[in-house]
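Inspection log for the structure reproduced underneath, given as structure tokens.
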Number of protein chains: 2
Amino acid sequence: MATTIPHHDLKRPAPEALKSALDALAARFGNKLITSQAVREQHGHTTTWLPTQPPDGVVLAQETADIQDVVRICAARGVPVIPFGTGTSLEGQVNAPAGGICIDMRDMNKVLEVHAEDLDCVIQPGITRKTLNEYLRDQGLFFPIDPGADASLGGMASTRASGTNAVRYGTIRENVLALKVVRGDGEIIKTGTRAKKSAAGYDLTHLFIGAEGTLGIICEMTIRLRGIPDTIAAASCSFETVRGACQATILAIQTGIPVARIELLNAAQVRACNAYSKLTLPETPLLLLEFHGSEAEVAEQSKNFAEIAAECGGGAFTWTTKPEDRTKLWQARHDAYWSVKAIRPGAGVVATDVCVPISRLADCVGETEEDLARFNLTSPIVGHVGDGNFHCSLMCDVDDADEMARGEEFMHRLVERAQAMDGTCTGEHGIGQGKQKYLKSELGEEALDAMRAVKAALDPQNIFNPGKIIPAG
Amino acid sequence: MATTIPHHDLKRPAPEALKSALDALAARFGNKLITSQAVREQHGHTTTWLPTQPPDGVVLAQETADIQDVVRICAARGVPVIPFGTGTSLEGQVNAPAGGICIDMRDMNKVLEVHAEDLDCVIQPGITRKTLNEYLRDQGLFFPIDPGADASLGGMASTRASGTNAVRYGTIRENVLALKVVRGDGEIIKTGTRAKKSAAGYDLTHLFIGAEGTLGIICEMTIRLRGIPDTIAAASCSFETVRGACQATILAIQTGIPVARIELLNAAQVRACNAYSKLTLPETPLLLLEFHGSEAEVAEQSKNFAEIAAECGGGAFTWTTKPEDRTKLWQARHDAYWSVKAIRPGAGVVATDVCVPISRLADCVGETEEDLARFNLTSPIVGHVGDGNFHCSLMCDVDDADEMARGEEFMHRLVERAQAMDGTCTGEHGIGQGKQKYLKSELGEEALDAMRAVKAALDPQNIFNPGKIIPAG
């Protein structure tokens, strides 16, 4: 998170190069090239405090050949290319600091193949998570990664997204089998096959996952699916302290209870949810859980977790398999962002995330809550507690310079705290522009050197989403 | 698999450069530098038909600083460096086609930290799987990846190993959180933290996993652990056909039964196991299974699988939680290699593997069995059927040119068949020298270009395990 764009020695393309590119794109794409101010600003729009940096044009790609042609036209003229899914990234990933052409993937939203027996499917990158799961439902299948937003799968891959289900199903990293990626000359790199595992050569799939479009443009994905579980149970349990909730989570994972979701809401977040979703939850730290399996498995999992929760000072443990009750409980979690917005309707809300070893989570959340009090700031906390990953939703009045300064300092200390606990500055939001300044303290200059070398090797022109991830040397 | 080393335009270091390196290493390492013919040949030894290519010297590294110094001494003189774990790789990964210095990791076998609450530990790369699990047992923890051989963890990471447990726990790819890697100037790249997930920058961890030591030398690993399950049950079920066994596996996975292991033995392999391990299993395709969980979970999983097996034409389903019975059953599987060796004691046995989408596994195994008959060859088949991954143990008399030629043709057709089914030429053995010729047909020239670019970016001198993975351009 930052209010200022990190400095890169990026030059905008020369005006004549840009004009030539736009002319060529207009000739090739007609009204699928959009250059209106409003549309360009939508595509540079960020959900953070970072200023918007619109691209010079937006192409609505319809098929892989369109992506290839945009890349070829732009590369020939040194014009940047930025892929765009739904624009729900949180660290300025779709900003265009040197201008260039945004490739909007919204129309590349087809499911190309479903292989039910293999539990995989081949998709275009613009399809969103909800659309995909609606498509798959009749076949009893689903894609488990749920970052909250109805993001595109290409965007999720590019930012290495995860979310509430990751504790059981892994992040998107564990759920992509292969990619096709358009490289700088417009040709396509195929990174894998439909085999569930492979030891054949460098892991290009995982190199492009999380690369935020800086190494090439994903044009096709082969992803893993799961069978929709027979039974889904939702449960909740209040705790007196965050530490008790974390301890219950640690024990549950150690004993191998395959919880599908286990979410921590701190007292401030429960308060916000009660107000927004008209609930009457005790306003203390809360765990929200989901169990997947056969009826017997789910019952066993719930029983085992209830025993652990009781040992850790948990209050009443309620669970249900009724869809309407499940929905009500989880809707409150999904509406957490809106519940925060409702606390101070005028304020800007910035979501940021860190991730620490789970043994340090209670300390990290506790010290973060102390910091909020010290800086007189408001930020409910929700956590994917099974992964040690948590989010702050910090409210600041963007016109209040003092509050903004305190907000920045709070965010900075949050990252430092997580890194000091052998954690990461971002568990699932990515680096984008906002967190570049934290990469060196996390991984060291040698890792940055390696990243720079890889970037230069695969994108020697620096046309793919320049100014992202890697800080200037 | 190949009998000939792939051609690379590799030059051995100039004699004076090599002598200078050996002198410097001798001064630095004393008797930890070994240059005897016998030891050098052990370290170039391959378990395949590939000829041995010994290094010029072997250094027994004791700590990270030793690796750094070997790399610095060698890099300054253009001398190759090859990491060595236990020498159990199967595609010539530890051969030294241009000579150079082998770094033997056997003494770097310490567990540096165990974080039981976080289910992770930090280790040196030379520790073997069995040593690690003995160390962890008292804490109720284990590392789930089991490639069969008692391989070193660094070797497993470098070849992207997996094995019988991968269907439930993933491959080593999903179970490494972070690496430290010595780069060409002897400095150390840190690829991650102990956070269970991260979206911070390019995924260097996964770039080094499976790189077979060609991009740098792994000197420390942070890996994920699991709690030892309360109850482990073993089961077996015979089928009339491979197709029936595969269908049962597909249904089990689709319905979400979390089998911990599910191994297919074809009739020839069952025959070999009966003979070697004094068993009386029906000599038809067999599934061997293992279930992990609480007592109730394991019982439920077994019952559900038994129902599926019966639907798919399975015979008697036997299961047990008694350790001695479990051991007896699985020992036969673990001794599969030796059971094959015993069929024709004089013959060379080469293990090779491919991996296909599970829906194609029955076809792939069936056509492979037909090929064996056509070429008059013997090769029992075992498969990690939950992953679509299977192994042939091909027996050939290395002095019988005709049989060897038929063996090579069989292996070649096996890979072509797997790739035509959208599978991979290797699920878990790696590319090394033996399978370089198959990378292009699998992923295309563009992927090879990307791999070459990454290699040149991170190892511009080409001193790290040269001549491996990427075929000459």
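Every chain in the structure tokens takes a letter, A first, then B, and so on in the order presented; its residues are numbered from 1, and the ligands are numbered from 1 following the presented order.
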Please find the residues of chain B near chain A - the criterion being any atom within 6 Å, counting only C-alpha atoms - and write them as a VMD selection string. chain B and resid 117 to 118 160 189 to 190 193 to 203 207 211 227 254 355 to 359 387 422 to 423 426 to 428 430 to 431 443 446 to 447 453 to 454 457 469
What does the file look like for those residues with N, CA and C atoms, as a short mmCIF file (atom, residue, chain, number, x, y, z; two decimals), in the first residue's frame?
data_model
loop_
_atom_site.label_atom_id
_atom_site.label_comp_id
_atom_site.auth_asym_id
_atom_site.auth_seq_id
_atom_site.Cartn_x
_atom_site.Cartn_y
_atom_site.Cartn_z
N GLU B 117 4.20 -26.00 15.54
CA GLU B 117 2.90 -25.33 15.41
C GLU B 117 2.65 -24.87 13.98
N ASP B 118 3.72 -24.56 13.29
CA ASP B 118 3.57 -24.08 11.92
C ASP B 118 3.64 -25.21 10.90
N ARG B 160 12.26 -32.40 -8.79
CA ARG B 160 10.80 -32.26 -8.64
C ARG B 160 10.16 -33.64 -8.38
N ILE B 189 20.82 -16.53 -2.75
CA ILE B 189 19.48 -16.05 -3.07
C ILE B 189 18.49 -16.68 -2.10
N LYS B 190 17.72 -15.84 -1.43
CA LYS B 190 16.65 -16.33 -0.56
C LYS B 190 15.35 -16.22 -1.34
N THR B 193 9.85 -16.98 2.51
CA THR B 193 9.84 -16.90 3.97
C THR B 193 9.14 -18.16 4.51
N ARG B 194 8.85 -18.16 5.81
CA ARG B 194 8.10 -19.28 6.36
C ARG B 194 6.59 -19.10 6.24
N ALA B 195 6.14 -18.01 5.67
CA ALA B 195 4.71 -17.85 5.45
C ALA B 195 4.22 -18.97 4.52
N LYS B 196 3.03 -19.49 4.80
CA LYS B 196 2.53 -20.62 4.01
C LYS B 196 2.22 -20.23 2.58
N LYS B 197 1.98 -18.96 2.37
CA LYS B 197 1.74 -18.52 1.00
C LYS B 197 2.24 -17.10 0.86
N SER B 198 2.52 -16.70 -0.34
CA SER B 198 3.03 -15.36 -0.58
C SER B 198 2.74 -14.96 -2.01
N ALA B 199 2.47 -13.68 -2.21
CA ALA B 199 2.29 -13.16 -3.56
C ALA B 199 3.37 -12.12 -3.86
N ALA B 200 4.53 -12.28 -3.20
CA ALA B 200 5.58 -11.27 -3.26
C ALA B 200 6.62 -11.59 -4.33
N GLY B 201 6.37 -11.16 -5.53
CA GLY B 201 7.37 -11.25 -6.58
C GLY B 201 7.37 -12.58 -7.31
N TYR B 202 8.32 -12.72 -8.24
CA TYR B 202 8.39 -13.94 -9.04
C TYR B 202 8.64 -15.14 -8.13
N ASP B 203 8.11 -16.27 -8.55
CA ASP B 203 8.16 -17.49 -7.75
C ASP B 203 9.51 -18.18 -7.96
N LEU B 207 11.03 -21.93 -9.38
CA LEU B 207 11.97 -21.94 -10.50
C LEU B 207 13.16 -22.85 -10.19
N ALA B 211 14.93 -27.69 -11.28
CA ALA B 211 15.97 -27.15 -12.17
C ALA B 211 17.21 -28.04 -12.20
N GLY B 227 1.01 -33.59 10.38
CA GLY B 227 0.87 -34.41 11.58
C GLY B 227 0.72 -35.87 11.18
N GLN B 254 -12.97 -38.36 -7.84
CA GLN B 254 -14.09 -37.46 -8.13
C GLN B 254 -14.98 -37.26 -6.92
N CYS B 355 3.48 -39.57 -17.46
CA CYS B 355 2.29 -39.19 -16.70
C CYS B 355 1.25 -38.65 -17.68
N VAL B 356 0.03 -39.15 -17.58
CA VAL B 356 -1.04 -38.74 -18.50
C VAL B 356 -2.28 -38.33 -17.70
N PRO B 357 -3.20 -37.61 -18.33
CA PRO B 357 -4.47 -37.37 -17.64
C PRO B 357 -5.07 -38.72 -17.25
N ILE B 358 -5.63 -38.79 -16.07
CA ILE B 358 -6.06 -40.07 -15.52
C ILE B 358 -7.09 -40.77 -16.41
N SER B 359 -7.87 -39.98 -17.14
CA SER B 359 -8.87 -40.60 -18.04
C SER B 359 -8.20 -41.40 -19.15
N ASP B 387 -2.46 -40.01 -9.81
CA ASP B 387 -1.87 -38.90 -10.56
C ASP B 387 -1.77 -39.17 -12.06
N ASP B 422 -1.83 -35.84 -24.22
CA ASP B 422 -1.71 -34.59 -23.46
C ASP B 422 -1.05 -34.82 -22.10
N GLY B 423 -0.12 -35.75 -22.10
CA GLY B 423 0.64 -36.03 -20.89
C GLY B 423 2.07 -35.57 -21.05
N THR B 426 7.80 -37.12 -18.43
CA THR B 426 8.24 -37.54 -17.11
C THR B 426 7.40 -36.88 -16.03
N GLY B 427 6.78 -37.71 -15.20
CA GLY B 427 5.99 -37.19 -14.11
C GLY B 427 6.82 -36.82 -12.91
N GLU B 428 7.94 -37.56 -12.73
CA GLU B 428 8.70 -37.33 -11.50
C GLU B 428 10.18 -37.67 -11.56
N GLY B 430 12.37 -36.46 -13.96
CA GLY B 430 13.12 -35.32 -14.50
C GLY B 430 13.66 -35.60 -15.89
N ILE B 431 14.34 -34.60 -16.42
CA ILE B 431 14.84 -34.63 -17.79
C ILE B 431 16.29 -35.09 -17.85
N LEU B 443 6.54 -29.38 -25.22
CA LEU B 443 6.21 -27.98 -24.89
C LEU B 443 6.45 -27.01 -26.04
N GLU B 446 9.13 -22.56 -28.28
CA GLU B 446 9.01 -21.31 -27.52
C GLU B 446 9.30 -21.53 -26.04
N ALA B 447 8.82 -22.66 -25.51
CA ALA B 447 9.12 -22.95 -24.09
C ALA B 447 10.61 -23.20 -23.90
N ALA B 453 16.60 -18.83 -22.05
CA ALA B 453 16.79 -17.43 -21.62
C ALA B 453 16.96 -17.35 -20.11
N VAL B 454 16.15 -18.13 -19.39
CA VAL B 454 16.26 -18.13 -17.92
C VAL B 454 17.61 -18.69 -17.49
N ALA B 457 20.23 -16.19 -18.09
CA ALA B 457 20.10 -15.04 -17.19
C ALA B 457 20.68 -15.36 -15.82
N ILE B 469 18.90 -30.95 -18.82
CA ILE B 469 17.54 -30.45 -19.06
C ILE B 469 17.34 -29.92 -20.48
#
Check the DSSP output for the backbone and give back, as an mmCIF file with N, CA and C atoms, in the first residue's frame, the residues of region 181-219 of chain B in strand (DSSP E).
data_model
loop_
_atom_site.group_PDB
_atom_site.id
_atom_site.type_symbol
_atom_site.label_atom_id
_atom_site.label_comp_id
_atom_site.auth_asym_id
_atom_site.auth_seq_id
_atom_site.Cartn_x
_atom_site.Cartn_y
_atom_site.Cartn_z
ATOM 1 N N VAL B 181 19.725 -20.527 -2.127
ATOM 2 C CA VAL B 181 20.420 -21.063 -3.288
ATOM 3 C C VAL B 181 21.696 -20.268 -3.518
ATOM 4 N N VAL B 182 22.804 -20.981 -3.655
ATOM 5 C CA VAL B 182 24.078 -20.310 -3.954
ATOM 6 C C VAL B 182 24.141 -20.010 -5.452
ATOM 7 N N ILE B 188 24.070 -15.686 -1.859
ATOM 8 C CA ILE B 188 22.918 -16.556 -1.604
ATOM 9 C C ILE B 188 21.615 -15.855 -1.944
ATOM 10 N N ILE B 189 20.817 -16.527 -2.748
ATOM 11 C CA ILE B 189 19.478 -16.045 -3.072
ATOM 12 C C ILE B 189 18.494 -16.680 -2.096
ATOM 13 N N LYS B 190 17.719 -15.842 -1.434
ATOM 14 C CA LYS B 190 16.653 -16.328 -0.559
ATOM 15 C C LYS B 190 15.350 -16.224 -1.344
ATOM 16 N N ILE B 217 22.927 -23.726 -6.585
ATOM 17 C CA ILE B 217 23.024 -24.884 -5.699
ATOM 18 C C ILE B 217 22.188 -24.639 -4.441
ATOM 19 N N ILE B 218 21.212 -25.476 -4.210
ATOM 20 C CA ILE B 218 20.364 -25.352 -3.020
ATOM 21 C C ILE B 218 21.207 -25.639 -1.772
ATOM 22 N N CYS B 219 21.197 -24.697 -0.821
ATOM 23 C CA CYS B 219 21.989 -24.898 0.400
ATOM 24 C C CYS B 219 21.130 -24.946 1.656
#
Excluding Asp66 (chain A) and any residue of its chain fewer than 4 positions from it, enumerate the residues within 10 Å of it, using only C-alpha atoms, and give them as a ChimeraX atom specification. /A:25,28-29,59-62,70-72,103,186,219
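Pairwise distance (CA of Asn109 (chain A), CA of Gln124 (chain A)) equals 5.4 Å.
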In Å, rounded to a single decimal, give me how far CA of Thr88 (chain B) is from CA of Pro345 (chain B). 20.2 Å
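Pairwise distance (CA of Gln331 (chain A), CA of Gly383 (chain A)) equals 15.6 Å.
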Excluding Ile343 (chain A) and residues on its chain fewer than 6 positions from it, collect all residues at most 10 Å away from it, counting only C-alpha atoms, and give them as a PyMOL selection string. chain A and resi 271-272+275-276+378+395
Store the residues picked out above in a file with all heavy atoms, as a PDB file, in the first residue's frame.
ATOM      1  N   ARG A 271     -18.192  -6.495  15.118  1.00  0.00           N
ATOM      2  CA  ARG A 271     -19.069  -5.338  15.359  1.00  0.00           C
ATOM      3  C   ARG A 271     -19.581  -4.770  14.048  1.00  0.00           C
ATOM      4  O   ARG A 271     -20.773  -4.499  13.884  1.00  0.00           O
ATOM      5  CB  ARG A 271     -18.293  -4.250  16.124  1.00  0.00           C
ATOM      6  CG  ARG A 271     -18.901  -3.923  17.464  1.00  0.00           C
ATOM      7  CD  ARG A 271     -18.217  -2.828  18.267  1.00  0.00           C
ATOM      8  NE  ARG A 271     -16.843  -2.515  17.962  1.00  0.00           N
ATOM      9  CZ  ARG A 271     -15.788  -3.038  18.606  1.00  0.00           C
ATOM     10  NH1 ARG A 271     -15.959  -3.930  19.580  1.00  0.00           N
ATOM     11  NH2 ARG A 271     -14.559  -2.669  18.294  1.00  0.00           N
ATOM     12  N   ALA A 272     -18.693  -4.611  13.100  1.00  0.00           N
ATOM     13  CA  ALA A 272     -19.086  -4.057  11.791  1.00  0.00           C
ATOM     14  C   ALA A 272     -20.083  -4.983  11.089  1.00  0.00           C
ATOM     15  O   ALA A 272     -21.060  -4.529  10.486  1.00  0.00           O
ATOM     16  CB  ALA A 272     -17.848  -3.839  10.928  1.00  0.00           C
ATOM     17  N   ALA A 275     -23.534  -4.816  12.646  1.00  0.00           N
ATOM     18  CA  ALA A 275     -24.241  -3.602  12.258  1.00  0.00           C
ATOM     19  C   ALA A 275     -24.736  -3.690  10.816  1.00  0.00           C
ATOM     20  O   ALA A 275     -25.887  -3.370  10.517  1.00  0.00           O
ATOM     21  CB  ALA A 275     -23.317  -2.387  12.431  1.00  0.00           C
ATOM     22  N   TYR A 276     -23.873  -4.169   9.932  1.00  0.00           N
ATOM     23  CA  TYR A 276     -24.203  -4.149   8.507  1.00  0.00           C
ATOM     24  C   TYR A 276     -25.161  -5.281   8.138  1.00  0.00           C
ATOM     25  O   TYR A 276     -26.091  -5.084   7.349  1.00  0.00           O
ATOM     26  CB  TYR A 276     -22.921  -4.273   7.681  1.00  0.00           C
ATOM     27  CG  TYR A 276     -23.138  -4.162   6.192  1.00  0.00           C
ATOM     28  CD1 TYR A 276     -23.267  -2.906   5.593  1.00  0.00           C
ATOM     29  CD2 TYR A 276     -23.223  -5.292   5.389  1.00  0.00           C
ATOM     30  CE1 TYR A 276     -23.469  -2.793   4.241  1.00  0.00           C
ATOM     31  CE2 TYR A 276     -23.434  -5.183   4.027  1.00  0.00           C
ATOM     32  CZ  TYR A 276     -23.548  -3.927   3.448  1.00  0.00           C
ATOM     33  OH  TYR A 276     -23.751  -3.821   2.101  1.00  0.00           O
ATOM     34  N   THR A 378      -8.892   3.242  12.518  1.00  0.00           N
ATOM     35  CA  THR A 378      -9.896   2.183  12.546  1.00  0.00           C
ATOM     36  C   THR A 378      -9.641   1.227  11.388  1.00  0.00           C
ATOM     37  O   THR A 378      -9.573   1.645  10.229  1.00  0.00           O
ATOM     38  CB  THR A 378     -11.316   2.770  12.407  1.00  0.00           C
ATOM     39  OG1 THR A 378     -11.491   3.755  13.416  1.00  0.00           O
ATOM     40  CG2 THR A 378     -12.370   1.685  12.561  1.00  0.00           C
ATOM     41  N   MET A 395      -9.451   2.569   7.307  1.00  0.00           N
ATOM     42  CA  MET A 395     -10.247   3.715   6.864  1.00  0.00           C
ATOM     43  C   MET A 395      -9.496   5.004   7.107  1.00  0.00           C
ATOM     44  O   MET A 395      -9.067   5.257   8.233  1.00  0.00           O
ATOM     45  CB  MET A 395     -11.548   3.772   7.667  1.00  0.00           C
ATOM     46  CG  MET A 395     -12.577   2.821   7.152  1.00  0.00           C
ATOM     47  SD  MET A 395     -13.934   2.718   8.318  1.00  0.00           S
ATOM     48  CE  MET A 395     -13.261   1.505   9.405  1.00  0.00           C
TER      49      MET A 395
END
Residue contacts of Phe464 (chain A) (7 Å, only C-alpha atoms) excluding same-chain residues fewer than 4 positions away, as a PyMOL selection string: chain A and resi 80-82+213-216+459
Would you put the residues from that selection into a file with N, CA and C atoms, as a CSV table (one decimal), in the first residue's frame?
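In the end it all went to result.csv:
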chain,number,residue,atom,x,y,z
A,80,PRO,N,4.1,-0.1,-24.2
A,80,PRO,CA,3.7,-1.1,-23.2
A,80,PRO,C,2.4,-1.7,-23.4
A,81,VAL,N,2.3,-3.0,-22.9
A,81,VAL,CA,1.0,-3.7,-22.9
A,81,VAL,C,0.7,-4.2,-21.5
A,82,ILE,N,-0.6,-3.9,-21.1
A,82,ILE,CA,-1.0,-4.3,-19.8
A,82,ILE,C,-2.3,-5.1,-19.8
A,213,GLY,N,1.6,-10.1,-15.1
A,213,GLY,CA,1.6,-9.7,-16.5
A,213,GLY,C,2.9,-9.1,-17.0
A,214,THR,N,4.0,-9.2,-16.2
A,214,THR,CA,5.2,-8.5,-16.5
A,214,THR,C,6.2,-9.4,-17.4
A,215,LEU,N,5.8,-10.6,-17.6
A,215,LEU,CA,6.7,-11.5,-18.4
A,215,LEU,C,6.0,-12.0,-19.7
A,216,GLY,N,4.7,-11.6,-19.9
A,216,GLY,CA,4.0,-12.1,-21.0
A,216,GLY,C,2.5,-12.1,-20.7
A,459,ASP,N,11.6,-10.4,-21.2
A,459,ASP,CA,10.9,-9.2,-21.7
A,459,ASP,C,12.0,-8.2,-21.9
Quick one: pick out all helix (DSSP H, G or I) residues within region 160-340 of chain B from a backbone DSSP run and write them as JSON, numbers by chain. {"B": [166, 167, 168, 169, 172, 173, 174, 175, 204, 205, 206, 207, 208, 242, 243, 244, 245, 246, 247, 248, 249, 250, 251, 252, 253, 254, 267, 268, 269, 270, 271, 272, 273, 274, 275, 276, 277, 295, 296, 297, 298, 299, 300, 301, 302, 303, 304, 305, 306, 307, 308, 309, 310, 311, 323, 324, 325, 326, 327, 328, 329, 330, 331, 332, 333, 334, 336, 337, 338, 339, 340]}
I need the residue nearest Tyr135 (chain B) from this list: B:Ile172, B:Met108, B:Val349, B:Cys121. Use only C-alpha atoms for the distance. B:Cys121
From B:Val340, B:Ala149, B:Met411, B:Leu361, residue lying nearest Phe375 (chain B) [only C-alpha atoms]: B:Met411
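Considering only C-alpha atoms, the residue among A:Cys102, A:Ala248, A:Ala362, A:Ala96 positioned nearest to Pro51 (chain A) is A:Ala96.
Residue nearest Ala234 (chain B) within the list B:Gly148, B:Pro125, B:Pro323, B:Gly87: B:Pro323 [criterion: smallest interatomic distance, only C-alpha atoms].
Using only C-alpha atoms for every distance, the candidate list B:Leu22, B:Leu281, B:Ala267, B:Leu289 yields B:Leu289 as the residue closest to Asn165 (chain B).
Counting only C-alpha atoms, the residue from B:Leu287, B:Ala24, B:Val111, B:Leu153 that sits nearest to Arg243 (chain B) is B:Leu287.
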